[in-house]
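Below is entry17.txt, which holds compact mmCIF, C-alpha atoms.
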# COMPACT_ATOMS: atom_id res chain seq x y z
CA MET A 1 -3.54 -0.48 -29.43
CA ASN A 2 -4.47 -2.31 -26.24
CA ARG A 3 -5.94 -0.13 -23.55
CA THR A 4 -3.53 0.28 -20.69
CA LEU A 5 -3.74 1.15 -17.00
CA LEU A 6 -0.49 2.70 -15.74
CA PHE A 7 0.25 3.25 -12.07
CA GLN A 8 3.07 5.66 -11.21
CA ALA A 9 4.01 5.35 -7.54
CA GLY A 10 4.81 8.83 -6.24
CA ASP A 11 7.96 9.58 -4.32
CA ALA A 12 6.55 9.28 -0.81
CA ILE A 13 4.06 6.40 -0.84
CA GLY A 14 5.00 3.43 1.31
CA LEU A 15 4.91 -0.33 1.06
CA GLY A 16 1.27 -0.80 2.07
CA HIS A 17 0.03 1.79 -0.43
CA LEU A 18 2.16 0.27 -3.21
CA LEU A 19 1.21 -3.38 -2.64
CA ALA A 20 -2.48 -2.62 -2.18
CA SER A 21 -2.44 -0.57 -5.38
CA ILE A 22 -0.65 -3.24 -7.39
CA ALA A 23 -3.13 -5.91 -6.34
CA LEU A 24 -6.24 -3.80 -6.89
CA TYR A 25 -5.22 -2.01 -10.09
CA LYS A 26 -4.02 -5.24 -11.69
CA HIS A 27 -7.30 -6.88 -10.70
CA LEU A 28 -9.23 -3.99 -12.26
CA ALA A 29 -7.17 -4.13 -15.47
CA ASP A 30 -7.77 -7.88 -15.75
CA ARG A 31 -11.50 -7.36 -15.33
CA LEU A 32 -11.49 -4.76 -18.10
CA GLY A 33 -9.23 -6.77 -20.38
CA TRP A 34 -6.61 -3.99 -20.23
CA ARG A 35 -2.84 -4.21 -19.89
CA PHE A 36 -1.39 -3.13 -16.53
CA CYS A 37 2.02 -1.69 -15.72
CA CYS A 38 3.46 -0.13 -12.57
CA SER A 39 6.51 2.13 -12.20
CA ILE A 40 8.34 2.92 -8.94
CA ARG A 41 11.33 4.69 -10.48
CA HIS A 42 10.56 7.92 -8.58
CA ASN A 43 9.51 6.16 -5.38
CA VAL A 44 11.44 5.75 -2.13
CA LEU A 45 11.19 1.95 -2.45
CA ALA A 46 13.12 1.92 -5.75
CA VAL A 47 16.58 0.41 -5.39
CA ASP A 48 17.97 1.19 -8.86
CA PRO A 49 15.76 3.38 -11.06
CA THR A 50 18.07 2.84 -14.05
CA GLN A 51 17.02 -0.82 -14.32
CA ASP A 52 14.10 -1.79 -16.54
CA VAL A 53 12.59 -3.83 -13.70
CA ASP A 54 13.69 -2.44 -10.36
CA PRO A 55 15.64 -4.79 -8.04
CA PHE A 56 12.85 -4.29 -5.48
CA PHE A 57 10.64 -6.50 -7.68
CA GLU A 58 13.43 -8.72 -8.98
CA THR A 59 14.63 -9.54 -5.45
CA PHE A 60 11.42 -10.03 -3.51
CA PHE A 61 8.82 -11.28 -6.00
CA ALA A 62 8.40 -14.23 -8.32
CA LEU A 63 7.50 -12.32 -11.48
CA GLY A 64 7.30 -15.12 -14.05
CA GLU A 65 5.38 -13.99 -17.14
CA ASP A 66 4.21 -10.88 -15.27
CA ARG A 67 7.62 -9.23 -15.52
CA SER A 68 6.30 -6.73 -18.08
CA CYS A 69 3.94 -5.35 -15.44
CA PHE A 70 6.95 -3.73 -13.75
CA SER A 71 8.94 -2.79 -16.86
CA SER A 72 9.90 0.87 -17.25
CA GLU A 73 10.32 0.22 -20.97
CA VAL A 74 6.76 -1.08 -21.31
CA PHE A 75 5.50 1.83 -19.20
CA ASP A 76 7.18 4.40 -21.45
CA GLN A 77 6.23 2.62 -24.67
CA SER A 78 2.56 2.74 -23.71
CA LEU A 79 2.73 6.54 -23.47
CA GLU A 80 4.86 6.90 -26.60
CA GLN A 81 2.49 4.78 -28.67
CA ALA A 82 -0.47 6.81 -27.45
CA ARG A 83 1.30 10.04 -28.41
CA ASP A 84 2.40 8.76 -31.83
CA ASN A 85 -1.03 7.34 -32.69
CA GLY A 86 -3.05 10.27 -31.37
CA ARG A 87 -4.69 8.17 -28.67
CA ALA A 88 -6.45 9.68 -25.67
CA VAL A 89 -4.46 9.69 -22.43
CA MET A 90 -6.08 10.51 -19.10
CA VAL A 91 -3.98 11.49 -16.10
CA ALA A 92 -5.72 10.89 -12.77
CA CYS A 93 -4.04 12.57 -9.82
CA ARG A 94 -4.54 14.74 -6.78
CA SER A 95 -4.56 18.49 -7.37
CA ASP A 96 -1.36 18.93 -5.35
CA ARG A 97 0.51 16.62 -7.74
CA LEU A 98 -0.67 17.93 -11.09
CA ASP A 99 2.37 20.16 -11.62
CA LEU A 100 4.66 17.20 -10.88
CA VAL A 101 3.19 14.85 -13.48
CA PRO A 102 4.98 16.16 -16.61
CA GLY A 103 8.30 15.84 -14.83
CA GLN A 104 7.77 12.13 -14.17
CA HIS A 105 8.18 11.23 -17.86
CA ASP A 106 9.61 13.09 -20.84
CA VAL A 107 6.73 11.80 -22.98
CA LEU A 108 4.12 13.45 -20.77
CA ALA A 109 6.02 16.73 -20.80
CA GLY A 110 5.50 17.00 -24.56
CA MET A 111 1.94 15.83 -25.07
CA ASP A 112 -1.61 16.90 -24.41
CA PHE A 113 -3.56 14.77 -21.97
CA GLN A 114 -6.87 14.86 -20.19
CA VAL A 115 -6.73 15.61 -16.47
CA CYS A 116 -8.99 14.25 -13.77
CA LEU A 117 -8.29 15.65 -10.31
CA LEU A 118 -9.41 13.25 -7.58
CA PRO A 119 -8.64 12.46 -3.95
CA GLU A 120 -8.76 8.73 -4.70
CA PHE A 121 -9.17 6.50 -7.74
CA ARG A 122 -12.55 5.08 -6.79
CA ASP A 123 -14.06 8.48 -7.51
CA LEU A 124 -12.96 8.13 -11.12
CA LEU A 125 -14.78 4.82 -11.44
CA SER A 126 -17.94 6.32 -9.97
CA GLN A 127 -17.89 9.00 -12.67
CA GLY A 128 -17.76 6.37 -15.39
CA GLN A 129 -14.84 8.06 -17.14
CA LEU A 130 -12.36 5.19 -17.18
CA PRO A 131 -13.40 3.59 -20.51
CA GLU A 132 -13.11 6.90 -22.40
CA ALA A 133 -9.29 6.88 -22.57
CA ASP A 134 -6.93 4.44 -24.27
CA VAL A 135 -4.31 4.99 -21.57
CA VAL A 136 -5.14 5.89 -17.97
CA TYR A 137 -2.08 7.16 -16.12
CA ILE A 138 -2.65 7.08 -12.36
CA ASP A 139 -0.23 9.17 -10.35
CA THR A 140 -0.01 7.99 -6.73
CA LEU A 141 -3.78 7.76 -6.20
CA CYS A 142 -4.80 5.14 -3.70
CA PRO A 143 -7.54 2.83 -5.03
CA PHE A 144 -9.43 3.39 -1.78
CA LEU A 145 -9.19 4.93 1.65
CA PRO A 146 -9.46 2.65 4.69
CA PHE A 147 -13.01 2.65 5.93
CA PRO A 148 -15.39 0.32 7.80
CA GLY A 149 -16.78 -2.38 5.55
CA VAL A 150 -13.97 -2.21 2.99
CA GLU A 151 -13.58 -6.00 3.13
CA ALA A 152 -17.05 -6.41 1.61
CA TYR A 153 -15.92 -4.45 -1.46
CA TYR A 154 -12.44 -5.88 -2.01
CA ALA A 155 -12.69 -9.49 -0.83
CA GLY A 156 -11.35 -11.91 -3.40
CA VAL A 157 -8.81 -9.58 -5.02
CA PRO A 158 -5.76 -11.81 -5.63
CA ALA A 159 -2.34 -10.90 -4.27
CA PHE A 160 -0.07 -9.89 -7.13
CA PRO A 161 2.59 -10.89 -7.82
CA PRO A 162 3.35 -13.94 -5.65
CA ARG A 163 5.82 -13.27 -2.87
CA LEU A 164 9.21 -14.87 -3.28
CA ARG A 165 10.59 -14.13 0.15
CA ALA A 166 9.09 -14.34 3.64
CA GLY A 167 10.37 -13.93 7.17
CA ASP A 168 10.90 -17.18 9.07
CA ALA A 169 10.99 -15.76 12.59
CA ASP A 170 7.89 -15.68 14.77
CA ARG A 171 6.13 -18.31 12.70
CA ALA A 172 2.95 -19.38 14.48
CA THR A 173 1.87 -23.00 14.68
CA GLY A 174 -1.79 -22.08 14.97
CA PRO A 175 -4.19 -19.18 14.42
CA PHE A 176 -3.13 -15.79 15.72
CA ILE A 177 -4.23 -12.18 15.73
CA GLY A 178 -1.79 -9.90 13.91
CA ILE A 179 -1.76 -6.25 15.03
CA HIS A 180 0.07 -3.43 13.25
CA VAL A 181 0.88 -0.12 14.95
CA ARG A 182 2.01 2.70 12.70
CA HIS A 183 3.83 5.94 13.56
CA GLY A 184 5.47 4.64 16.69
CA ASN A 185 8.62 6.14 15.14
CA GLY A 186 7.26 9.67 15.52
CA GLU A 187 6.45 10.15 11.83
CA ALA A 188 3.80 12.81 11.27
CA LEU A 189 1.33 12.02 8.52
CA SER A 190 -2.25 13.12 7.81
CA GLY A 191 -2.91 14.17 11.39
CA ARG A 192 -2.55 10.63 12.72
CA PRO A 193 -1.27 9.97 16.25
CA MET A 194 2.54 10.03 16.54
CA GLY A 195 4.68 8.06 18.93
CA GLY A 196 5.84 9.96 21.99
CA THR A 197 2.61 11.95 22.38
CA GLU A 198 -0.19 11.63 24.91
CA ARG A 199 -2.60 11.07 22.05
CA PHE A 200 -0.52 8.08 20.92
CA ASN A 201 -0.49 6.65 24.45
CA THR A 202 -4.29 6.94 24.50
CA LEU A 203 -4.40 5.12 21.18
CA MET A 204 -2.25 2.31 22.62
CA ALA A 205 -4.77 1.84 25.44
CA HIS A 206 -7.50 1.67 22.81
CA TYR A 207 -5.46 -0.94 20.91
CA ALA A 208 -5.22 -3.05 24.07
CA ASP A 209 -8.99 -2.90 24.63
CA ARG A 210 -9.66 -3.77 20.99
CA ILE A 211 -7.27 -6.72 21.11
CA GLU A 212 -9.09 -8.20 24.08
CA ALA A 213 -12.39 -7.80 22.24
CA LEU A 214 -10.93 -9.56 19.19
CA ARG A 215 -9.71 -12.40 21.38
CA ARG A 216 -13.19 -12.94 22.74
CA GLU A 217 -14.85 -12.56 19.34
CA HIS A 218 -12.57 -14.98 17.47
CA GLN A 219 -11.58 -17.27 20.36
CA ILE A 220 -7.89 -16.74 19.56
CA GLN A 221 -5.41 -15.96 22.34
CA ASP A 222 -2.12 -15.67 20.43
CA VAL A 223 -1.37 -12.05 19.49
CA LEU A 224 1.55 -10.89 17.34
CA VAL A 225 2.32 -7.14 17.43
CA LEU A 226 4.24 -5.36 14.67
CA SER A 227 5.25 -1.73 14.43
CA ASP A 228 7.67 0.63 12.72
CA ASN A 229 9.29 0.97 16.16
CA SER A 230 10.38 -2.06 18.16
CA ALA A 231 9.87 -0.37 21.57
CA VAL A 232 6.23 0.31 20.69
CA ALA A 233 5.71 -3.28 19.56
CA ASP A 234 7.35 -4.62 22.75
CA SER A 235 5.32 -2.34 25.00
CA LEU A 236 1.93 -3.24 23.50
CA ALA A 237 2.82 -6.94 23.36
CA ARG A 238 3.64 -6.92 27.09
CA ALA A 239 0.45 -5.02 27.88
CA VAL A 240 -1.76 -7.63 26.20
CA GLY A 241 0.31 -10.73 26.98
CA GLY A 242 1.24 -11.17 23.32
CA ARG A 243 4.53 -11.25 21.44
CA ALA A 244 6.37 -8.67 19.38
CA ALA A 245 7.51 -9.51 15.87
CA ALA A 246 10.48 -7.14 15.89
CA ASP A 247 13.68 -9.19 15.91
CA THR A 248 16.00 -6.23 15.20
CA PRO A 249 15.79 -2.71 16.64
CA LEU A 250 13.96 -0.20 14.48
CA PRO A 251 15.07 3.45 14.57
CA GLU A 252 13.18 6.44 15.89
CA VAL A 253 12.99 7.93 12.40
CA PRO A 254 10.40 8.01 9.60
CA PHE A 255 10.41 5.06 7.21
CA GLN A 256 11.76 7.06 4.27
CA THR A 257 14.74 8.15 6.35
CA TYR A 258 15.25 4.55 7.44
CA LEU A 259 15.46 3.47 3.80
CA GLY A 260 17.85 6.27 2.82
CA ALA A 261 20.91 4.07 2.79
CA PRO A 262 23.35 2.64 0.21
CA HIS A 263 22.15 -0.05 -2.20
CA ALA A 264 22.98 -3.21 -0.20
CA SER A 265 21.68 -1.75 3.05
CA LYS A 266 18.45 -0.67 1.42
CA LEU A 267 17.70 -4.15 0.12
CA GLY A 268 18.32 -5.55 3.59
CA ARG A 269 16.00 -3.03 5.21
CA LEU A 270 13.32 -3.69 2.61
CA ALA A 271 13.68 -7.43 3.28
CA ARG A 272 13.06 -6.85 6.97
CA THR A 273 9.95 -4.77 6.27
CA LEU A 274 8.59 -7.34 3.80
CA ALA A 275 9.18 -10.05 6.40
CA ASP A 276 6.86 -8.14 8.74
CA PHE A 277 4.35 -7.78 5.93
CA ASP A 278 4.42 -11.56 5.41
CA ARG A 279 3.99 -12.25 9.11
CA LEU A 280 0.98 -9.98 9.29
CA SER A 281 -0.61 -11.45 6.15
CA GLU A 282 -0.47 -14.94 7.71
CA ALA A 283 -2.65 -13.93 10.67
CA SER A 284 -6.19 -15.23 11.03
CA VAL A 285 -7.27 -11.73 12.08
CA ILE A 286 -5.44 -8.59 10.91
CA GLY A 287 -5.90 -5.39 12.89
CA GLY A 288 -4.58 -1.86 12.47
CA ALA A 289 -5.53 1.81 12.50
CA SER A 290 -5.24 4.37 9.69
CA SER A 291 -2.63 2.67 7.56
CA LEU A 292 -2.58 0.82 4.26
CA PHE A 293 0.02 -1.64 5.60
CA PRO A 294 -2.53 -3.87 7.40
CA LEU A 295 -5.07 -3.36 4.63
CA ALA A 296 -2.57 -4.51 2.00
CA SER A 297 -1.61 -7.44 4.23
CA TRP A 298 -5.27 -8.41 4.37
CA VAL A 299 -5.57 -8.18 0.56
CA TRP A 300 -2.55 -10.47 0.29
CA SER A 301 -3.72 -12.86 3.03
CA ASP A 302 -5.38 -16.22 2.63
CA GLY A 303 -8.86 -15.38 3.88
CA ALA A 304 -8.01 -13.44 7.04
CA SER A 305 -10.57 -11.28 8.83
CA LEU A 306 -9.95 -7.52 8.86
CA ALA A 307 -10.43 -5.48 12.03
CA TRP A 308 -10.12 -1.69 12.03
CA ILE A 309 -8.81 -0.06 15.17
CA ASP A 310 -9.99 3.54 15.12
CA ASP A 311 -7.69 6.46 15.92
CA TRP A 312 -9.35 8.08 18.91
CA GLU A 313 -9.00 11.53 20.41
CA GLU A 314 -11.26 12.54 23.29
CA GLY A 315 -13.72 9.84 22.28
CA ARG A 316 -13.96 11.16 18.72
CA ASN A 317 -12.90 9.29 15.59
CA VAL A 318 -10.34 11.49 13.83
CA SER A 319 -9.42 9.09 11.02
CA PRO A 320 -10.45 9.81 7.44
CA LEU A 321 -12.98 7.00 7.72
CA GLY A 322 -16.62 6.89 6.80
CA GLU A 323 -19.03 4.96 4.65
CA ARG A 324 -18.38 5.32 0.95
CA PRO A 325 -20.22 3.78 -1.99
CA PRO A 326 -18.86 0.50 -3.39
CA VAL A 327 -17.10 0.26 -6.73
Mind turning this structure into structure tokens?
Amino acid sequence: MNRTLLFQAGDAIGLGHLLASIALYKHLADRLGWRFCCSIRHNVLAVDPTQDVDPFFETFFALGEDRSCFSSEVFDQSLEQARDNGRAVMVACRSDRLDLVPGQHDVLAGMDFQVCLLPEFRDLLSQGQLPEADVVYIDTLCPFLPFPGVEAYYAGVPAFPPRLRAGDADRATGPFIGIHVRHGNGEALSGRPMGGTERFNTLMAHYADRIEALRREHQIQDVLVLSDNSAVADSLARAVGGRAAADTPLPEVPFQTYLGAPHASKLGRLARTLADFDRLSEASVIGGASSLFPLASWVWSDGASLAWIDDWEEGRNVSPLGERPPV
């Protein structure tokens, strides 16, 4: 039996988390000579969980021979074969998700498996436990947290799979700085600044200062601003003399609520979000605060520079950042 790395995207993780994980876990599996497979059937991005390969992948990505990497059938067969052949299965997850794991798959509900409780997957690698299991089932874990210097550790990881669809609006004819602002829609997550608060307004002023510093550092004047809220993108773009990527109004609701629409609408909304992802990944310099959206865009870019914009509160960095050992 080939060793297999399975990534189960939890219900709440977003596009940046998913695309960064796909690229990095597939890269790791290739390095180890393992098979890789990802499932999003329980995730908010799934369009039709009854399909073997979800329409999210079928619609937006050129899968080619890599189709099996997103096959629910292959995912389940890997676990079934491990159970039937008495192979070791390790489940790596956060402690708050351990009780949810058996419910993700009927196979897991009826088998014994090793458990490794971790805040992020890189901790598993540092413990040297990965090669001990024939199947490693990763539930939701991010391969890394955003932190200064991350580009030195993950440079050269190939985007996977190739994008099939990109947004045509706001195409730049030369180099530009792409800036992503998250939580302008008022979504509360991990203590990060939310739109509509004084703390968020302070962060926007910090963004503006950082953008000017990036202009001087890279000698690039063109700035494209993206956000999960079009008013936020417009406001920051005006403040720095840049342009906003939003070509349709975005609602004042969290992203998961935005996607909670019938099938056809959901595909259209995903297409609009992926268009923003493409625009950002084409920048010469990609900047953002505590979010995996700009980090994933950097992983999928063609040699862009990555610039972290810290979340500030009273002059103190409140992001979950900090130096961590390399893989």
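Distance annotation: of A:Ser68, A:Asn85, A:Ser284, A:Gln104, the residue with the minimal separation from A:Cys37 is A:Ser68; atom set is all atoms listed in the file.
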### Task
May I have the residues within 12 Å of A:His105 as number ranges by chain, using all atoms listed in the file and disregarding those fewer than 2 positions away in the same chain?
A: 8, 39, 41-42, 72-73, 75-80, 100-103, 107-111, 137, 139
## Note on the structure
A:Leu28 proximity check over A:Cys93, A:Leu5, A:Ala271, A:Val53, using all atoms listed in the file: winner is A:Leu5
### Message
Could you check which residues have any atom within 10 Å of (-11.4, -15.9, 17.0), counting all atoms listed in the file with coordinates taken straight from the file, and then list them as number ranges by chain?
### Response
A: 175-177, 213-222, 284-285, 305
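If you measure from each of A:Gly268, A:Gly64, A:Gly288, A:Pro158 to A:His206 using only C-alpha atoms, the closest one turns out to be A:Gly288.
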### Task
Report the distance between atom CA of A:Asp228 and atom CA of A:Leu141 in Å, rounded to one decimal place.
23.2 Å
### Query
When distances are computed from all atoms listed in the file, which of A:Val223, A:Ile179, A:Ile211, A:Leu306 shows the smallest separation from A:Asp276?
A:Ile179
